[in-house]
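Here's the structure we're looking at; comments come further down.
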Amino acid sequence: RLVAVDRLVEDVSDALGLDAHATVSFESQVPAGLEVDADAEQLFRVLVNLCRNAVQALDGDQNPAVVRRLSVSARREGGVTAIRVSDTGPGVAAAARAHLFQAFQGSARPGGTGLGLAIAAEIVRAHGGTIALIEAEGPGAVFELAIPDRPGRNGRPA
């Protein structure tokens, strides 16, 4: 189905209590009316996982001078919708990068199971898409999902 990305991101923010978070500021940079051809519940699950991981990373440093920002942005490129989840946290440890999307191996957090990103990757692949950790300038981590339209369906560019 076609899913309104801005509304989905708003639902993720509500589910995680991001608007009322004491230390993390949340920004949605998703254009109004942008749509993705996806299963809404499954994409919600992926975004909740990525945003929850970002909040946990941001909460790890209690220095009051540290900027704690989480943002979600999205854009259309032809028949593909790209969604980015970015934070200003410590980034992903080099040791965790090699197996980031593999079950029981990608956790960079003590006590983490390493399942969250593996499940997210499986959901994105089931949509015919990709998920990747993007090398970006500055602090933090940037994950990008690319979800293509189903064959035979014309996407609706924003």
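Simple scheme: letters A, B, ... for chains in structure tokens order, numbers from 1 for residues in each chain, numbers from 1 for ligands in the order shown.
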
key: Close residues, segment 51-62 of chain A itself excluded, 9 Å, only C-alpha atoms, min 2 positions apart in chain, as number ranges by chain   = A: 12-13, 16, 18, 23-24, 46-49, 64-72, 85-91, 109, 116, 140-141

Write to file, as a PDB file, in the first residue's frame, the residues of the selection just made, with C-alpha atoms.
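Writing done, so here's result-v1.pdb:
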```
ATOM      1  CA  VAL A  12       7.146   6.694  15.525  1.00  0.00           C
ATOM      2  CA  SER A  13       7.805   9.922  17.436  1.00  0.00           C
ATOM      3  CA  LEU A  16       8.795   6.656  21.539  1.00  0.00           C
ATOM      4  CA  LEU A  18      10.240  11.903  21.386  1.00  0.00           C
ATOM      5  CA  THR A  23      17.313  15.473  26.620  1.00  0.00           C
ATOM      6  CA  VAL A  24      16.921  14.481  22.945  1.00  0.00           C
ATOM      7  CA  VAL A  46      12.086  -0.580  11.261  1.00  0.00           C
ATOM      8  CA  LEU A  47      11.891   3.140  12.061  1.00  0.00           C
ATOM      9  CA  VAL A  48      11.077   2.530  15.733  1.00  0.00           C
ATOM     10  CA  ASN A  49      14.123   0.278  15.993  1.00  0.00           C
ATOM     11  CA  PRO A  64      24.908  18.753  29.461  1.00  0.00           C
ATOM     12  CA  ALA A  65      26.971  20.534  26.778  1.00  0.00           C
ATOM     13  CA  VAL A  66      26.522  17.682  24.285  1.00  0.00           C
ATOM     14  CA  VAL A  67      23.919  18.255  21.550  1.00  0.00           C
ATOM     15  CA  ARG A  68      21.482  15.336  21.392  1.00  0.00           C
ATOM     16  CA  ARG A  69      19.507  15.471  18.156  1.00  0.00           C
ATOM     17  CA  LEU A  70      17.668  12.789  16.203  1.00  0.00           C
ATOM     18  CA  SER A  71      16.286  13.560  12.778  1.00  0.00           C
ATOM     19  CA  VAL A  72      14.399  11.635  10.126  1.00  0.00           C
ATOM     20  CA  VAL A  85      17.625   8.353  10.368  1.00  0.00           C
ATOM     21  CA  SER A  86      20.459  10.542  11.697  1.00  0.00           C
ATOM     22  CA  ASP A  87      21.713  11.324  15.173  1.00  0.00           C
ATOM     23  CA  THR A  88      24.467  13.358  16.807  1.00  0.00           C
ATOM     24  CA  GLY A  89      25.582  10.541  19.091  1.00  0.00           C
ATOM     25  CA  PRO A  90      28.909   8.722  19.291  1.00  0.00           C
ATOM     26  CA  GLY A  91      28.382   6.824  16.019  1.00  0.00           C
ATOM     27  CA  ARG A 109      25.417  -1.788  23.188  1.00  0.00           C
ATOM     28  CA  GLY A 116      17.129  -5.239  16.049  1.00  0.00           C
ATOM     29  CA  GLY A 140      26.729  10.430  14.980  1.00  0.00           C
ATOM     30  CA  ALA A 141      25.280   7.702  12.845  1.00  0.00           C
TER      31      ALA A 141
END
```

task = Work out how far atom CA of Pro31 of chain A is from atom CA of Val5 of chain A, in Å to one decimal.
result = 8.3 Å

ask   = Running DSSP on the backbone, which parts of segment 34-157 of chain A land in helix (DSSP H, G or I), as a VMD selection string?
value = chain A and resid 40 to 59 94 to 97 116 to 126

query = Using the chain letters and numbers from this document, which residues of chain A does DSSP assign to strand (DSSP E), as a ChimeraX atom specification?
reply = /A:2-4,25-29,35-37,69-77,80-87,130-134,142-148

request  = List the neighbours of Gly79 of chain A out to 7 Å using only C-alpha atoms; skip same-chain residues closer than 2 positions along the sequence, and give me the result as a list in words.
outcome  = Glu77, Thr81, Pro148, Asp149 and Gly155 of chain A

query = For Gln29 of chain A, which residue among A:Leu50, A:Leu2, A:Ile134, A:Ala74 is the nearest when counting only C-alpha atoms?
reply =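 Distance minimum relative to Gln29 of chain A lands on A:Ala74.
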
note = Judged by only C-alpha atoms, the minimum distance to Gly33 of chain A among A:Asp6, A:Glu122, A:Glu144, A:Glu137 is found for A:Asp6

task = Considering only C-alpha atoms, state which residue in the set A:Gln102, A:Gln42, A:Ser73, A:Thr130 is at the smallest distance from Phe26 of chain A.
result =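 Looking only at the distances to Phe26 of chain A, the closest residue turns out to be A:Ser73.
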
message = Could you list, as a list in words, every residue within 8 Å of Leu43 of chain A, counting only C-alpha atoms and ignoring same-chain residues fewer than 4 positions away?
response =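 Counting only the stated atoms, we get Ala38, Asp39, Leu47, Ile123 and Val124 of chain A.
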
Restrict the selected residues to N, CA, C and O atoms and save them as a short mmCIF file (atom, residue, chain, number, x, y, z; two decimals), in the first residue's frame.
```cif
data_model
loop_
_atom_site.label_atom_id
_atom_site.label_comp_id
_atom_site.auth_asym_id
_atom_site.auth_seq_id
_atom_site.Cartn_x
_atom_site.Cartn_y
_atom_site.Cartn_z
N ALA A 38 4.83 0.48 0.72
CA ALA A 38 5.34 -0.40 1.77
C ALA A 38 4.24 -0.90 2.68
O ALA A 38 3.12 -0.40 2.65
N ASP A 39 4.59 -1.87 3.50
CA ASP A 39 3.72 -2.33 4.57
C ASP A 39 3.93 -1.37 5.74
O ASP A 39 5.03 -1.29 6.30
N LEU A 47 11.58 1.78 11.61
CA LEU A 47 11.89 3.14 12.06
C LEU A 47 11.92 3.25 13.59
O LEU A 47 12.76 3.97 14.14
N ILE A 123 13.33 -6.97 7.04
CA ILE A 123 12.08 -6.31 6.64
C ILE A 123 12.31 -5.46 5.39
O ILE A 123 11.52 -5.49 4.43
N VAL A 124 13.39 -4.70 5.39
CA VAL A 124 13.69 -3.84 4.24
C VAL A 124 13.95 -4.70 3.00
O VAL A 124 13.47 -4.39 1.90
#
```
